[in-house]
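K.L.:
Contents of run_25.txt (compact mmCIF, C-alpha atoms and all ligand atoms):
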```txt
# COMPACT_ATOMS: atom_id res chain seq x y z
CA MET A 23 64.76 47.70 -26.92
CA PRO A 24 68.50 48.32 -27.61
CA TYR A 25 69.68 47.00 -30.97
CA SER A 26 72.03 44.55 -29.32
CA HIS A 27 69.06 42.66 -27.78
CA ARG A 28 67.56 42.07 -31.19
CA PHE A 29 70.30 39.86 -32.64
CA ARG A 30 72.97 37.29 -31.86
CA VAL A 31 75.99 36.70 -34.06
CA PHE A 32 77.59 33.25 -34.47
CA GLU A 33 80.71 32.08 -36.24
CA ASN A 34 78.73 30.14 -38.81
CA CYS A 35 75.25 28.94 -39.70
CA ASP A 36 75.80 25.57 -38.04
CA SER A 37 76.58 27.02 -34.62
CA ALA A 38 73.63 29.44 -34.90
CA SER A 39 71.31 26.61 -35.95
CA ALA A 40 72.57 24.40 -33.10
CA GLN A 41 71.66 27.16 -30.63
CA VAL A 42 68.12 27.54 -32.01
CA ALA A 43 67.70 23.74 -32.12
CA ALA A 44 68.80 23.52 -28.47
CA GLU A 45 66.20 26.13 -27.49
CA ILE A 46 63.48 24.28 -29.39
CA ALA A 47 64.57 20.95 -27.86
CA GLN A 48 64.45 22.41 -24.35
CA LEU A 49 60.91 23.67 -24.93
CA ILE A 50 59.83 20.30 -26.34
CA ARG A 51 61.25 18.44 -23.33
CA GLU A 52 59.80 20.87 -20.76
CA ARG A 53 56.35 20.52 -22.33
CA ALA A 54 56.66 16.72 -22.63
CA ILE A 55 57.22 16.49 -18.86
CA LEU A 56 53.99 18.45 -18.36
CA GLY A 57 52.16 16.29 -20.90
CA ARG A 58 51.64 19.28 -23.17
CA HIS A 59 52.39 19.96 -26.83
CA VAL A 60 54.59 22.65 -28.42
CA VAL A 61 53.38 24.62 -31.44
CA LEU A 62 56.11 25.52 -33.92
CA GLY A 63 55.75 27.84 -36.93
CA LEU A 64 58.14 26.67 -39.64
CA PRO A 65 59.61 28.14 -42.84
CA ALA A 66 60.78 26.51 -46.06
CA GLY A 67 63.84 27.82 -47.95
CA LYS A 68 67.54 27.15 -47.87
CA THR A 69 68.18 28.99 -44.60
CA PRO A 70 66.48 26.60 -42.11
CA VAL A 71 68.07 23.44 -43.57
CA PRO A 72 70.92 23.31 -40.97
CA LEU A 73 68.33 23.81 -38.20
CA TYR A 74 66.26 20.89 -39.50
CA GLU A 75 69.45 18.79 -39.78
CA GLU A 76 70.34 19.58 -36.17
CA LEU A 77 66.85 18.66 -34.92
CA ILE A 78 67.07 15.38 -36.86
CA TYR A 79 70.45 14.75 -35.23
CA LEU A 80 69.00 15.42 -31.75
CA HIS A 81 66.13 13.05 -32.54
CA ARG A 82 68.42 10.26 -33.77
CA GLU A 83 71.41 10.62 -31.48
CA GLU A 84 70.07 12.25 -28.33
CA SER A 85 66.65 10.59 -28.17
CA LEU A 86 64.71 13.82 -28.60
CA SER A 87 61.11 12.82 -29.31
CA LEU A 88 59.05 15.31 -31.32
CA ALA A 89 55.84 13.38 -30.68
CA ASN A 90 54.38 16.36 -28.78
CA VAL A 91 55.17 18.87 -31.55
CA VAL A 92 52.45 20.53 -33.64
CA THR A 93 53.59 22.47 -36.72
CA PHE A 94 52.16 25.16 -38.97
CA ASN A 95 54.13 26.04 -42.08
CA LEU A 96 54.27 29.66 -43.06
CA ASP A 97 53.37 29.61 -46.71
CA GLU A 98 52.76 27.67 -49.91
CA TYR A 99 52.67 28.37 -53.64
CA ILE A 100 49.26 28.49 -55.30
CA GLY A 101 48.82 26.09 -58.18
CA LEU A 102 51.17 23.31 -57.13
CA PRO A 103 49.97 19.95 -55.89
CA ALA A 104 51.57 18.90 -52.58
CA SER A 105 53.50 16.22 -54.49
CA HIS A 106 55.26 18.75 -56.79
CA PRO A 107 58.97 18.80 -55.83
CA GLY A 108 58.90 22.63 -55.80
CA SER A 109 56.04 22.78 -53.26
CA PHE A 110 56.96 23.74 -49.71
CA ARG A 111 54.98 20.68 -48.54
CA ALA A 112 57.30 18.37 -50.50
CA PHE A 113 60.37 20.32 -49.37
CA MET A 114 59.43 20.03 -45.68
CA GLN A 115 58.61 16.35 -46.01
CA ARG A 116 61.97 15.38 -47.56
CA THR A 117 64.06 17.84 -45.50
CA PHE A 118 62.50 17.34 -42.07
CA PHE A 119 59.22 15.54 -41.47
CA ASP A 120 60.33 12.23 -43.04
CA HIS A 121 63.15 12.01 -40.49
CA VAL A 122 61.45 12.77 -37.16
CA ASP A 123 58.47 11.44 -35.19
CA ILE A 124 56.00 14.32 -35.44
CA PRO A 125 52.59 12.63 -35.88
CA ALA A 126 51.23 13.28 -39.39
CA GLU A 127 48.00 14.71 -37.94
CA ASN A 128 50.02 17.37 -36.08
CA ILE A 129 51.52 18.79 -39.32
CA HIS A 130 49.60 21.67 -40.90
CA PHE A 131 50.03 23.30 -44.28
CA LEU A 132 48.28 25.84 -46.38
CA SER A 133 47.10 24.07 -49.52
CA GLY A 134 48.44 25.22 -52.86
CA ASN A 135 45.51 23.52 -54.51
CA VAL A 136 42.55 25.55 -53.35
CA SER A 137 40.49 27.45 -55.91
CA ARG A 138 40.35 31.25 -55.89
CA ALA A 139 36.82 31.02 -54.47
CA GLU A 140 37.93 28.76 -51.60
CA ALA A 141 41.16 30.59 -50.74
CA THR A 142 39.67 33.09 -48.27
CA SER A 143 37.85 30.49 -46.19
CA HIS A 144 40.86 28.14 -46.37
CA CYS A 145 43.07 30.92 -44.93
CA ALA A 146 40.53 31.76 -42.20
CA ASP A 147 40.37 28.07 -41.32
CA TYR A 148 44.19 28.00 -40.97
CA GLU A 149 44.01 30.89 -38.50
CA HIS A 150 41.32 29.01 -36.53
CA LYS A 151 43.49 25.92 -36.42
CA ILE A 152 46.45 27.92 -35.06
CA ALA A 153 44.22 29.47 -32.40
CA ALA A 154 42.67 26.10 -31.52
CA ALA A 155 46.18 24.66 -31.03
CA GLY A 156 46.84 27.41 -28.47
CA GLY A 157 48.77 29.81 -30.73
CA ILE A 158 52.36 29.52 -31.95
CA ASP A 159 54.93 29.06 -29.18
CA PHE A 160 58.04 29.41 -31.31
CA GLN A 161 58.05 30.81 -34.85
CA ILE A 162 61.12 30.23 -37.02
CA LEU A 163 61.60 32.62 -39.95
CA GLY A 164 63.96 33.21 -42.83
CA ILE A 165 64.12 36.60 -44.53
CA GLY A 166 63.89 37.42 -48.22
CA ARG A 167 66.42 39.79 -49.80
CA ASN A 168 63.61 42.35 -50.09
CA GLY A 169 62.73 41.96 -46.40
CA HIS A 170 59.79 39.61 -46.82
CA ILE A 171 58.83 37.21 -44.05
CA GLY A 172 56.80 34.20 -45.10
CA PHE A 173 55.53 35.53 -48.41
CA ASN A 174 54.61 38.93 -46.95
CA GLU A 175 56.16 41.13 -49.60
CA PRO A 176 57.03 44.85 -49.21
CA GLY A 177 53.89 46.98 -48.88
CA CYS A 178 52.02 44.50 -46.68
CA MET A 179 50.38 45.64 -43.46
CA ALA A 180 51.72 44.82 -39.98
CA ASP A 181 48.30 43.44 -39.01
CA SER A 182 47.79 41.38 -42.19
CA ARG A 183 46.33 37.90 -41.71
CA THR A 184 46.74 34.64 -43.61
CA ARG A 185 45.78 35.34 -47.23
CA PRO A 186 46.59 34.95 -50.94
CA VAL A 187 49.42 37.21 -52.21
CA THR A 188 51.24 38.02 -55.45
CA LEU A 189 54.99 37.34 -55.42
CA PHE A 190 57.62 39.87 -56.44
CA ASP A 191 59.98 38.97 -59.29
CA MET A 192 63.02 39.00 -56.95
CA THR A 193 61.29 36.42 -54.75
CA ARG A 194 60.45 34.24 -57.74
CA ARG A 195 64.04 34.49 -59.03
CA ASP A 196 65.44 33.59 -55.60
CA THR A 197 63.32 30.46 -55.36
CA ALA A 198 63.69 29.39 -59.00
CA ARG A 199 66.29 26.76 -58.08
CA TRP A 200 63.48 24.32 -57.19
CA PHE A 201 61.92 24.70 -60.67
CA PRO A 202 63.06 24.01 -64.27
CA GLY A 203 63.04 27.79 -64.96
CA ILE A 204 61.77 31.05 -63.49
CA GLU A 205 58.73 30.99 -65.78
CA ARG A 206 57.60 27.84 -63.94
CA VAL A 207 57.72 29.48 -60.48
CA PRO A 208 54.13 30.29 -59.46
CA ASN A 209 53.41 34.01 -59.08
CA ARG A 210 50.81 33.59 -56.35
CA ALA A 211 51.02 32.06 -52.91
CA LEU A 212 49.19 31.74 -49.61
CA THR A 213 51.00 33.08 -46.56
CA MET A 214 50.45 33.56 -42.87
CA GLY A 215 50.09 37.31 -42.34
CA CYS A 216 52.51 39.59 -40.49
CA GLY A 217 49.87 39.93 -37.77
CA THR A 218 49.63 36.14 -37.51
CA ILE A 219 53.42 35.86 -37.23
CA LEU A 220 53.67 38.66 -34.64
CA GLU A 221 51.25 36.76 -32.37
CA ALA A 222 53.83 33.99 -31.84
CA ARG A 223 55.24 34.02 -28.32
CA ARG A 224 58.85 33.76 -29.49
CA ILE A 225 60.35 34.36 -32.91
CA ALA A 226 63.78 33.36 -34.23
CA VAL A 227 64.79 34.89 -37.56
CA LEU A 228 67.68 33.07 -39.25
CA ALA A 229 69.92 34.72 -41.86
CA TRP A 230 73.21 33.61 -43.36
CA GLY A 231 75.64 35.11 -45.82
CA SER A 232 76.57 38.50 -47.20
CA ARG A 233 73.65 38.56 -49.64
CA LYS A 234 71.32 39.01 -46.65
CA SER A 235 73.52 41.54 -44.77
CA ARG A 236 71.96 44.77 -46.08
CA ILE A 237 68.39 43.68 -45.55
CA VAL A 238 69.28 42.34 -42.08
CA ARG A 239 70.55 45.79 -41.14
CA ARG A 240 67.41 47.50 -42.46
CA ALA A 241 65.20 44.99 -40.61
CA ILE A 242 66.98 45.38 -37.26
CA GLN A 243 68.28 48.95 -37.29
CA GLY A 244 66.22 50.74 -39.93
CA PRO A 245 62.84 52.41 -39.50
CA VAL A 246 59.77 50.22 -39.02
CA THR A 247 58.24 50.36 -42.46
CA ALA A 248 56.04 48.38 -44.84
CA ASP A 249 58.96 48.60 -47.31
CA VAL A 250 60.75 46.03 -45.11
CA PRO A 251 58.12 43.70 -43.58
CA ALA A 252 60.77 42.11 -41.31
CA SER A 253 61.16 45.52 -39.60
CA TYR A 254 57.72 44.90 -38.02
CA LEU A 255 59.50 42.37 -35.80
CA GLN A 256 61.13 45.28 -33.93
CA ALA A 257 57.81 45.67 -32.08
CA HIS A 258 57.95 42.07 -30.78
CA PRO A 259 59.72 41.66 -27.43
CA GLY A 260 60.56 38.02 -28.13
CA ALA A 261 61.95 38.31 -31.68
CA ILE A 262 65.67 37.64 -32.09
CA PHE A 263 67.79 37.44 -35.25
CA TYR A 264 70.33 34.59 -35.32
CA LEU A 265 73.07 35.57 -37.76
CA ASN A 266 76.37 34.29 -39.00
CA SER A 267 79.17 36.83 -39.19
CA SER A 268 78.72 37.65 -42.88
CA ALA A 269 74.97 38.28 -42.47
CA ALA A 270 75.79 40.61 -39.55
CA ALA A 271 78.50 42.49 -41.43
CA CYS A 272 76.45 45.67 -42.10
CA LEU A 273 75.06 46.08 -38.56
CA LYS A 274 76.07 49.13 -36.57
CA SER A 275 77.52 48.18 -33.21
CA LYS A 276 75.29 50.57 -31.21
C1 LIG B 301 61.00 32.20 -49.39
C2 LIG B 301 60.03 31.86 -48.24
C3 LIG B 301 60.45 32.50 -46.96
C4 LIG B 301 61.95 32.35 -46.82
C5 LIG B 301 62.65 33.20 -47.83
C6 LIG B 301 64.16 33.08 -47.84
O1 LIG B 301 60.40 32.93 -50.36
N1 LIG B 301 58.67 32.16 -48.49
O2 LIG B 301 59.74 31.92 -45.88
O3 LIG B 301 62.34 32.77 -45.54
O4 LIG B 301 62.12 33.00 -49.12
O5 LIG B 301 64.57 31.96 -48.55
P1 LIG B 301 66.02 31.33 -48.37
O6 LIG B 301 66.06 30.80 -46.98
O7 LIG B 301 66.10 30.23 -49.40
O8 LIG B 301 66.99 32.43 -48.60
```
Give the structure from this file in structure tokens form.
P.N.:
Amino acid sequence: MPYSHRFRVFENCDSASAQVAAEIAQLIRERAILGRHVVLGLPAGKTPVPLYEELIYLHREESLSLANVVTFNLDEYIGLPASHPGSFRAFMQRTFFDHVDIPAENIHFLSGNVSRAEATSHCADYEHKIAAAGGIDFQILGIGRNGHIGFNEPGCMADSRTRPVTLFDMTRRDTARWFPGIERVPNRALTMGCGTILEARRIAVLAWGSRKSRIVRRAIQGPVTADVPASYLQAHPGAIFYLNSSAAACLKSK
């Protein structure tokens, strides 16, 4: 696939997010007419916030119902109860789920509270739930500065499945804003695998700002390598990066 098919550049994160929200809304409405549900894979983090805001706006102001939406979040810290403000569960609830009409039973999360002994079967069960829902129609992703997707850190395999992982220090530093200090950021997490993510029918990767520009270039135009897990997306015919101009600044034009 030519490079230019792998990304779209927008003036700012709001216009990029509005485009992705419009695509999601169209899918939701098309499926609603057929009486079918839509399965979304969702990320936490700062990047998707304008997307969630736009979907909330469409729900409130343009009568978009999300009643036929089923969600699977990408990842969760190990060792945090769902009620901890730093958990991705709590983040998603206050940022998105509290403001739309997705039925509670349609919302799925990996639990940060499982014991080491239970983690493997909990992750396998998550994969079964995704399969039972019909697979992920539309996966939204952010990207870490080291190229991680979900919590699939550099070195992970392209066919990795949902599993417990150890977080890199850069990842813990980058997410420390939700915690009183970096030492309080858990160093283990559960994440959907790269293989799980690559099975989604469509994938939108969102990235904003110059701090993501170098890794965006390596993900889109560099070699496919475990050093940059997001580069695995080059093999997916339906994966597109949605960028603002500063995140796209390092891309070669051809
Ligand atoms: C976190 C999440 C990822 C997210 C990434 C980028 O660690 N596990 O799913 O995409 O980091 O975060 P942000 O959007 O805040 O830059």
K.L.:
With only C-alpha atoms as the basis for distance, which of A:Cys178, A:Ala248, A:Ala66, A:Leu102 is at the shortest distance from A:Gln115?
P.N.:
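Going through A:Cys178, A:Ala248, A:Ala66, A:Leu102 one by one, the smallest distance to A:Gln115 is for A:Ala66.
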K.L.:
Determine, for each residue of stretch 242-261 of chain A having at least one atom at most 10 Å from an atom of stretch 221-237 of chain A, the closest pair of atoms and their separation in Å to one decimal, counting only C-alpha atoms; order by chain and ascending number, as CSV.
P.N.:
```
residue,atom,partner,partner_atom,distance
A:Ile242,CA,A:Ile237,CA,8.6
A:Gln243,CA,A:Ile237,CA,9.8
A:Gly244,CA,A:Ile237,CA,9.3
A:Val250,CA,A:Ile237,CA,8.0
A:Ala252,CA,A:Ile237,CA,8.9
A:Ser253,CA,A:Ile237,CA,9.5
A:Leu255,CA,A:Ile225,CA,8.6
A:His258,CA,A:Ile225,CA,8.4
A:Pro259,CA,A:Arg224,CA,8.2
A:Gly260,CA,A:Arg224,CA,4.8
A:Ala261,CA,A:Ile225,CA,4.4
```
K.L.:
Select the residues contacting ligand LIG 301 (chain B) at a distance of at most 7 Å, based on all atoms listed in the file, then format the selection as a VMD selection string.
P.N.:
chain A and resid 65 to 70 96 to 97 163 to 166 171 to 173 193 197
K.L.:
Using only C-alpha atoms, find the one residue out of A:Leu64, A:Thr188, A:Met214, A:Ala154 that sits nearest to A:Leu132.
P.N.:
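Smallest distance to A:Leu132 is found for A:Met214.
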K.L.:
Write out as a list in words each polymer residue whose atoms come within 8 Å of stretch 25-36 of chain A, counting all atoms listed in the file; drop sequence neighbours fewer than 3 positions from it.
P.N.:
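My list of contacting residues is Ser39, Ala40, Pro72, Leu73, Trp230, Ile242, Gln243, Gln256, Ala261, Ile262, Phe263, Tyr264, Leu265, Asn266, Ser267, Ala270, Ser275 and Lys276 of chain A.
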K.L.:
Of the candidates A:Ser109, A:Asn168, A:Asn174, A:Ser133, which shows the shortest atom-to-atom distance to A:Val238, using all atoms listed in the file?
P.N.:
A:Asn168
K.L.:
Quick one, how far is atom CA of A:Gly157 from atom CA of A:Cys145?
P.N.:
15.3 Å
K.L.:
So what do you get for atom CA of A:Thr142 versus atom CA of A:Gly217, distance-wise?
P.N.:
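Answer for the atom CA of A:Thr142 to atom CA of A:Gly217 separation: 16.2 Å.
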K.L.:
If we count all atoms listed in the file and set the cut-off at 9 Å, which residues sit around A:His130, ignoring sequence neighbours fewer than 3 positions away in its own chain? Please answer as JSON, numbers by chain.
P.N.:
{"A": [92, 93, 94, 95, 126, 127, 148, 151]}
K.L.:
Return the single residue from A:Ile78, A:Leu273, A:Leu88, A:Ala146 that is closest to A:Leu49, with distances computed using only C-alpha atoms.
P.N.:
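Of the candidates, the smallest distance to A:Leu49 is held by A:Leu88.
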K.L.:
At what distance in Å, to one decimal, does atom CA of A:Pro251 lie from atom CA of A:Ala180?
P.N.:
7.4 Å
K.L.:
Pick from A:Arg206, A:His121, A:His144, A:His150: nearest to A:Arg82, with all atoms listed in the file counted?
P.N.:
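Among the listed residues, A:His121 lies closest to A:Arg82.
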K.L.:
Quick one: residues within 10 Å of A:Leu80, all atoms listed in the file counted, chain neighbours fewer than 5 positions away excluded, as a list in words?
P.N.:
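That gives Ala40, Ala43, Ala44, Ala47, Tyr74, Glu75, Ser85, Leu86, Ser87, Leu88 and Val122 of chain A.
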K.L.:
Point out the residue among A:Leu189, A:Ile55, A:Ile158, A:Val136 with the least atom-to-atom distance to A:Ala211, counting all atoms listed in the file.
P.N.:
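That would be A:Leu189, the residue with the smallest distance to A:Ala211.
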